[in-house]
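Student: Below is the structure I would like to discuss, written out as structure tokens.
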Amino acid sequence: MDIEDAVAGLGAPPGLRLPINAVAVKPKRRSRADRVRGEPLSTPLVPGTQTIYVKTFGCSHNQSDSEYMAGQLSAFGYSLTDEPDEADLWLINTCTVKSPSQSAMTTLISKCKSAKKPLVVAGCVPQGSKDLKELEGVSVIGVQQIDRVVEVVEETLKGHEVRLYSRRTLPSLDLPKVRKNKFIEILPINVGCLGACTYCKTKHARGHLGSYTIDSLVDRVRTVVSEGVKEIWLSSEDTGAYGRDIGTNLPNLLNALIKELPSDRSTMLRIGMTNPPFILEHLKEIADVLNHPCVYSFLHVPVQSGSDPVLTAMNREYTVNDFRKVVDTLMELVPGMQIATDIICGFPGETEEDFAQTVSLIKEYHFPQVHISQFYPRPGTPAARMKKVPSIEVKKRSRELTTVFESFSPYREMKGCTEKIWITEIATDGIHLVGHTKGYIQVLVIAPESMLGTSTDVKITSVGRWSVFGEILEEPSLQPNKETTRNISKINTVKVSSPIDELCNEDASCCTNTCSSCACLNEKNSSVKTKEALDDRYEGGVKFAHTIQSLFFRRKRLDKSSVEKSAKTVAEKRGHNKLAYLDWFLFGIICLGSVTMVAVVIKFSSVLFSF
């Protein structure tokens, strides 16, 4: 029998670490043979001295939860690692939106059990499917119990099975946090939603809408700005529904938050995914916020289908014309507005005519970012019981829509233009830095890593399907401060990808049907091949010497945890310039050695033939 949270009604304030004896646990029994031999259940361990591997699937909300759990574990003394083999315990934060993400979780759980590692499973899968067979014998922590992760980890390391699910209050926003990217704060503004989509499993996990107060969110923004954060992502299952449970609304929140942003535009705000129904009455106010200099002119509005009958079957609570009103109004009122959307292909009952209407909608608006997903029936949802479209037909429609979408060239007109960008990340090719325009268009530039966390003007030299490539017009003269370092781990480097891709981690297999601005990186339409990025970079006229310098200079690398790198940040900064010169010196030595070797071979050959 699973043991639920025994202290849910004690009224402990969020973030308070309860004593160990307040956690209900199920001790694992020793086998009869072990009792006869007198072998102990486990070796006594000192809490807070072990190493933890944290793996995250799913949306930006899940990523934020993982960062909070990692922060608490680190604050208590645990070490964090990106290498599962080095860890004493695995913590897996799961996503339940689509079958592939849950399958990936199942595979990882099997690997963990085979390695005989203690395991804690968090996130939407255990919260929404408590009786799942794969969760037998492992500890579980619910989506609103993340502030008690230290207790769960301690008991699990002792050999106990812990299950915490229910809670009456939201976790505190002021818990310790280890960000995967030190320049980006993912800020959850609410949990759950007001919808009841027939395909949605996340509602089973995240539940009904629960909003944080405006004051608590303003305090959090004020704190992260003082910590050097340069980009704030508002995260939610449905941003537009914010505040309806506490007597306020999204425009009130946004207007309060932008007052806390620096007037020099050093920190930018990005609004998370919103469904059409809850912003229709606030379009003018939302447009005013998107026009603010410190807010990205970008919004993710999932439409899911261009057919009203399909939207009705999905129980989406809006029509295609409602969606058109949202898009048309924002495009008219916000210069340079960029809108991303989602499509589910092959929803039960979708006819050829329904699908044709969806294709027509995408062609009409030429959206720069569209996440195309095949329908996946989720157990326990009404859509799982509906008559399915044959899988062959679903795949055919997905390929057809992808072909239409990939035929667009949304950034063609940008070539030769000058844009201001905010640089926050390193591309996975190890060469480019990643910045974004006011419209959140991804710009790849070659620049020193000291420019991370800064903004600058660039000239767009070439354009690709998913990104554009720029040349920095003038590098900032200021030396990097202590916040501008190379503290970016394997997890927080980014794929050369579309903006909506960045809202998920690299292994996300969920779609944006319910996750906050989430997209699948392993879908064909949501990533750019490195070859294309390199081809376009050379098309932009990048100098060979600059390229070589960058290749040597960013020769890292990402084989240590972000916590270990943080300890070496100051030393890295001091050696920053020296390493650049050293790279050139080593390159010269290699060239000289090659020339010498050729000369020796020629000399040896001449002597040999003289005999």
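Just so we're on the same page: first chain in the structure tokens is A, next is B, and so on; residues restart at 1 for each chain, and ligands are numbered from 1 in the order they show up.
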When DSSP works through the backbone of this structure, what residues of region 139-171 of chain A end up as strand (DSSP E or B), shown as a ChimeraX atom specification?

Tutor: /A:139-141,160-164

Student: Skip region 211-216 of chain A itself and residues of its chain fewer than 6 positions away, then list as a list of chain:residue names all residues within 10 Å of it, counting only C-alpha atoms.

Tutor: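 Counting only the stated atoms, we get A:Leu170, A:Pro171, A:Ser172, A:Leu173, A:Asp174, A:Pro188, A:Ile189, A:Asn190, A:Val191, A:Gly192, A:Cys193, A:Arg222, A:Ser236, A:Thr239, A:Ala241, A:Tyr242, A:Gly243, A:Arg244, A:Asp245, A:Ile246, A:Gly247, A:Thr248, A:Asn249, A:Leu250, A:Asn252, A:Leu253, A:Leu254, A:Ala256, A:Leu257.
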
Student: Check region 252-413 of chain A with DSSP on the backbone and list each residue it calls helix (DSSP H, G or I), as a VMD selection string.

Tutor: chain A and resid 252 to 258 276 to 278 280 to 290 308 to 314 320 to 333 352 to 365 382 to 385 391 to 406 412 to 413

Student: For Lys415 (chain A), work out the shell of residues within 6 Å, counting only C-alpha atoms and skipping chain neighbours fewer than 5 positions away, then give it as a PyMOL selection string.

Tutor: chain A and resi 460-462

Student: How would the residues just chosen look if you wrote them out with C-alpha atoms as a PDB file, in the first residue's frame?

Tutor:
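Output below, filename again-v6.pdb:
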```
ATOM      1  CA  ILE A 460      22.366  39.909 -40.278  1.00  0.00           C
ATOM      2  CA  THR A 461      24.761  38.345 -42.786  1.00  0.00           C
ATOM      3  CA  SER A 462      22.806  35.258 -43.813  1.00  0.00           C
TER       4      SER A 462
END
```

Student: Using only C-alpha atoms, which protein or nucleic acid residues come within 9 Å of region 289-294 of chain A? Drop anything in the same chain fewer than 6 positions from it, and give the result as a ChimeraX atom specification.

Tutor: /A:251,254-255,258,261-271,330,333-335,337,438

Student: Can you measure CA of Leu89 (chain A) to CA of Leu157 (chain A) for me? One decimal in Å is fine.

Tutor: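 Between CA of Leu89 (chain A) and CA of Leu157 (chain A) the gap is 7.3 Å.
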
Student: Here is a test: counting only C-alpha atoms, which residue of A:Phe323, A:Ser373, A:Lys177, A:Gly593 is nearest to Arg399 (chain A)?

Tutor: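 Once distances to Arg399 (chain A) are computed over only C-alpha atoms, the minimum belongs to A:Ser373.
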
Student: Between CA of Thr319 (chain A) and CA of Cys345 (chain A), what is the distance in Å, rounded to a tenth?

Tutor: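 Going from CA of Thr319 (chain A) over to CA of Cys345 (chain A) covers 17.3 Å.
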
Student: Would you mind listing what lies within 9 Å of Tyr440 (chain A) as a PyMOL selection string, with only C-alpha atoms counted and same-chain residues fewer than 5 positions away left out?

Tutor: chain A and resi 270+296-298+338+421+435+499

Student: Dump all heavy atoms for the selected residues as a short mmCIF file (atom, residue, chain, number, x, y, z; two decimals), in the first residue's frame?

Tutor:
```cif
data_model
loop_
_atom_site.label_atom_id
_atom_site.label_comp_id
_atom_site.auth_asym_id
_atom_site.auth_seq_id
_atom_site.Cartn_x
_atom_site.Cartn_y
_atom_site.Cartn_z
N ARG A 270 10.02 37.12 -21.18
CA ARG A 270 9.34 36.37 -22.23
C ARG A 270 8.06 35.76 -21.65
O ARG A 270 8.10 35.05 -20.64
CB ARG A 270 10.23 35.26 -22.80
CG ARG A 270 9.64 34.64 -24.05
CD ARG A 270 10.50 33.53 -24.59
NE ARG A 270 10.44 32.34 -23.76
CZ ARG A 270 11.17 31.25 -23.96
NH1 ARG A 270 12.04 31.22 -24.95
NH2 ARG A 270 11.05 30.21 -23.18
N TYR A 296 9.96 40.56 -24.89
CA TYR A 296 10.07 40.00 -26.22
C TYR A 296 8.72 40.03 -26.93
O TYR A 296 7.69 39.67 -26.34
CB TYR A 296 10.57 38.56 -26.17
CG TYR A 296 12.04 38.42 -25.83
CD1 TYR A 296 12.45 37.76 -24.68
CD2 TYR A 296 13.02 38.94 -26.68
CE1 TYR A 296 13.80 37.61 -24.37
CE2 TYR A 296 14.38 38.80 -26.38
CZ TYR A 296 14.75 38.14 -25.23
OH TYR A 296 16.09 38.01 -24.94
N SER A 297 8.72 40.45 -28.20
CA SER A 297 7.49 40.47 -29.01
C SER A 297 7.26 39.09 -29.60
O SER A 297 7.28 38.89 -30.82
CB SER A 297 7.62 41.53 -30.12
OG SER A 297 7.92 42.78 -29.58
N PHE A 298 7.02 38.15 -28.73
CA PHE A 298 6.89 36.74 -29.12
C PHE A 298 5.84 36.09 -28.23
O PHE A 298 5.81 36.32 -27.02
CB PHE A 298 8.23 36.02 -28.96
CG PHE A 298 8.14 34.52 -29.09
CD1 PHE A 298 8.11 33.92 -30.34
CD2 PHE A 298 8.08 33.71 -27.97
CE1 PHE A 298 8.03 32.54 -30.48
CE2 PHE A 298 7.98 32.32 -28.09
CZ PHE A 298 7.96 31.75 -29.35
N GLN A 338 6.12 38.01 -33.46
CA GLN A 338 6.37 36.63 -33.88
C GLN A 338 5.45 35.71 -33.08
O GLN A 338 5.41 35.77 -31.85
CB GLN A 338 7.82 36.24 -33.64
CG GLN A 338 8.83 37.06 -34.43
CD GLN A 338 8.84 36.71 -35.90
OE1 GLN A 338 8.97 35.54 -36.28
NE2 GLN A 338 8.72 37.72 -36.75
N ILE A 421 20.36 42.32 -30.24
CA ILE A 421 20.13 40.98 -29.72
C ILE A 421 20.60 40.89 -28.27
O ILE A 421 21.47 41.63 -27.83
CB ILE A 421 20.84 39.89 -30.57
CG1 ILE A 421 22.36 40.05 -30.50
CG2 ILE A 421 20.34 39.91 -32.00
CD1 ILE A 421 23.12 38.88 -31.09
N GLY A 435 21.89 34.45 -29.54
CA GLY A 435 21.17 35.62 -29.08
C GLY A 435 19.79 35.65 -29.68
O GLY A 435 19.45 34.85 -30.56
N PRO A 499 13.01 28.91 -31.55
CA PRO A 499 12.69 29.46 -30.23
C PRO A 499 11.84 28.55 -29.37
O PRO A 499 12.10 28.44 -28.18
CB PRO A 499 11.96 30.77 -30.58
CG PRO A 499 12.53 31.17 -31.89
CD PRO A 499 12.77 29.86 -32.62
#
```

Student: If I take CA of Thr156 (chain A) and CA of Met69 (chain A), how far is one from the other in Å, to one decimal?

Tutor: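 One can read the CA of Thr156 (chain A) to CA of Met69 (chain A) distance as 15.1 Å.
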
Student: Find the residues around Tyr78 (chain A) up to 7 Å (only C-alpha atoms counted), leave out those fewer than 2 positions away in its own chain, and share them as a PyMOL selection string.

Tutor: chain A and resi 48-52+73-74+76+80

Student: Output all heavy atoms for every residue in the selection just made, as a PDB file, in the first residue's frame.

Tutor:
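Printed below is part.pdb as written:
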```pdb
ATOM      1  N   GLY A  48      23.708  14.029   3.011  1.00  0.00           N
ATOM      2  CA  GLY A  48      24.299  15.214   2.416  1.00  0.00           C
ATOM      3  C   GLY A  48      25.691  15.026   1.878  1.00  0.00           C
ATOM      4  O   GLY A  48      26.326  16.001   1.445  1.00  0.00           O
ATOM      5  N   THR A  49      26.190  13.806   1.866  1.00  0.00           N
ATOM      6  CA  THR A  49      27.550  13.566   1.365  1.00  0.00           C
ATOM      7  C   THR A  49      27.555  12.796   0.052  1.00  0.00           C
ATOM      8  O   THR A  49      28.624  12.541  -0.501  1.00  0.00           O
ATOM      9  CB  THR A  49      28.371  12.779   2.408  1.00  0.00           C
ATOM     10  OG1 THR A  49      27.741  11.503   2.641  1.00  0.00           O
ATOM     11  CG2 THR A  49      28.478  13.538   3.710  1.00  0.00           C
ATOM     12  N   GLN A  50      26.386  12.441  -0.471  1.00  0.00           N
ATOM     13  CA  GLN A  50      26.312  11.621  -1.671  1.00  0.00           C
ATOM     14  C   GLN A  50      26.210  12.486  -2.936  1.00  0.00           C
ATOM     15  O   GLN A  50      26.060  13.707  -2.869  1.00  0.00           O
ATOM     16  CB  GLN A  50      25.118  10.658  -1.602  1.00  0.00           C
ATOM     17  CG  GLN A  50      25.255   9.585  -0.532  1.00  0.00           C
ATOM     18  CD  GLN A  50      24.966  10.106   0.852  1.00  0.00           C
ATOM     19  OE1 GLN A  50      24.183  11.029   1.016  1.00  0.00           O
ATOM     20  NE2 GLN A  50      25.608   9.539   1.864  1.00  0.00           N
ATOM     21  N   THR A  51      26.291  11.818  -4.080  1.00  0.00           N
ATOM     22  CA  THR A  51      26.208  12.484  -5.378  1.00  0.00           C
ATOM     23  C   THR A  51      24.894  12.118  -6.051  1.00  0.00           C
ATOM     24  O   THR A  51      24.508  10.950  -6.079  1.00  0.00           O
ATOM     25  CB  THR A  51      27.389  12.065  -6.275  1.00  0.00           C
ATOM     26  OG1 THR A  51      28.616  12.432  -5.622  1.00  0.00           O
ATOM     27  CG2 THR A  51      27.329  12.761  -7.624  1.00  0.00           C
ATOM     28  N   ILE A  52      24.225  13.122  -6.609  1.00  0.00           N
ATOM     29  CA  ILE A  52      22.893  12.936  -7.184  1.00  0.00           C
ATOM     30  C   ILE A  52      22.921  13.249  -8.681  1.00  0.00           C
ATOM     31  O   ILE A  52      23.479  14.262  -9.107  1.00  0.00           O
ATOM     32  CB  ILE A  52      21.846  13.840  -6.502  1.00  0.00           C
ATOM     33  CG1 ILE A  52      21.947  13.743  -4.977  1.00  0.00           C
ATOM     34  CG2 ILE A  52      20.446  13.502  -6.996  1.00  0.00           C
ATOM     35  CD1 ILE A  52      21.652  12.384  -4.422  1.00  0.00           C
ATOM     36  N   LEU A  73      18.994  20.258  -2.847  1.00  0.00           N
ATOM     37  CA  LEU A  73      19.953  19.173  -2.598  1.00  0.00           C
ATOM     38  C   LEU A  73      21.375  19.726  -2.459  1.00  0.00           C
ATOM     39  O   LEU A  73      22.131  19.313  -1.581  1.00  0.00           O
ATOM     40  CB  LEU A  73      19.889  18.152  -3.742  1.00  0.00           C
ATOM     41  CG  LEU A  73      18.584  17.342  -3.817  1.00  0.00           C
ATOM     42  CD1 LEU A  73      18.513  16.573  -5.135  1.00  0.00           C
ATOM     43  CD2 LEU A  73      18.475  16.382  -2.641  1.00  0.00           C
ATOM     44  N   SER A  74      21.728  20.668  -3.329  1.00  0.00           N
ATOM     45  CA  SER A  74      23.058  21.269  -3.269  1.00  0.00           C
ATOM     46  C   SER A  74      23.245  22.050  -1.971  1.00  0.00           C
ATOM     47  O   SER A  74      24.302  21.983  -1.336  1.00  0.00           O
ATOM     48  CB  SER A  74      23.265  22.189  -4.478  1.00  0.00           C
ATOM     49  OG  SER A  74      24.535  22.792  -4.440  1.00  0.00           O
ATOM     50  N   PHE A  76      21.935  21.464   0.838  1.00  0.00           N
ATOM     51  CA  PHE A  76      22.062  20.546   1.968  1.00  0.00           C
ATOM     52  C   PHE A  76      23.405  19.806   1.967  1.00  0.00           C
ATOM     53  O   PHE A  76      23.730  19.116   2.930  1.00  0.00           O
ATOM     54  CB  PHE A  76      20.910  19.534   1.941  1.00  0.00           C
ATOM     55  CG  PHE A  76      20.752  18.763   3.221  1.00  0.00           C
ATOM     56  CD1 PHE A  76      20.279  19.383   4.366  1.00  0.00           C
ATOM     57  CD2 PHE A  76      21.079  17.421   3.280  1.00  0.00           C
ATOM     58  CE1 PHE A  76      20.154  18.672   5.552  1.00  0.00           C
ATOM     59  CE2 PHE A  76      20.945  16.700   4.463  1.00  0.00           C
ATOM     60  CZ  PHE A  76      20.475  17.329   5.604  1.00  0.00           C
ATOM     61  N   LEU A  80      26.049  17.361  -7.252  1.00  0.00           N
ATOM     62  CA  LEU A  80      25.262  17.088  -8.452  1.00  0.00           C
ATOM     63  C   LEU A  80      26.188  16.683  -9.580  1.00  0.00           C
ATOM     64  O   LEU A  80      27.295  17.204  -9.701  1.00  0.00           O
ATOM     65  CB  LEU A  80      24.462  18.323  -8.860  1.00  0.00           C
ATOM     66  CG  LEU A  80      23.537  18.913  -7.788  1.00  0.00           C
ATOM     67  CD1 LEU A  80      22.892  20.198  -8.295  1.00  0.00           C
ATOM     68  CD2 LEU A  80      22.482  17.908  -7.352  1.00  0.00           C
TER      69      LEU A  80
END
```
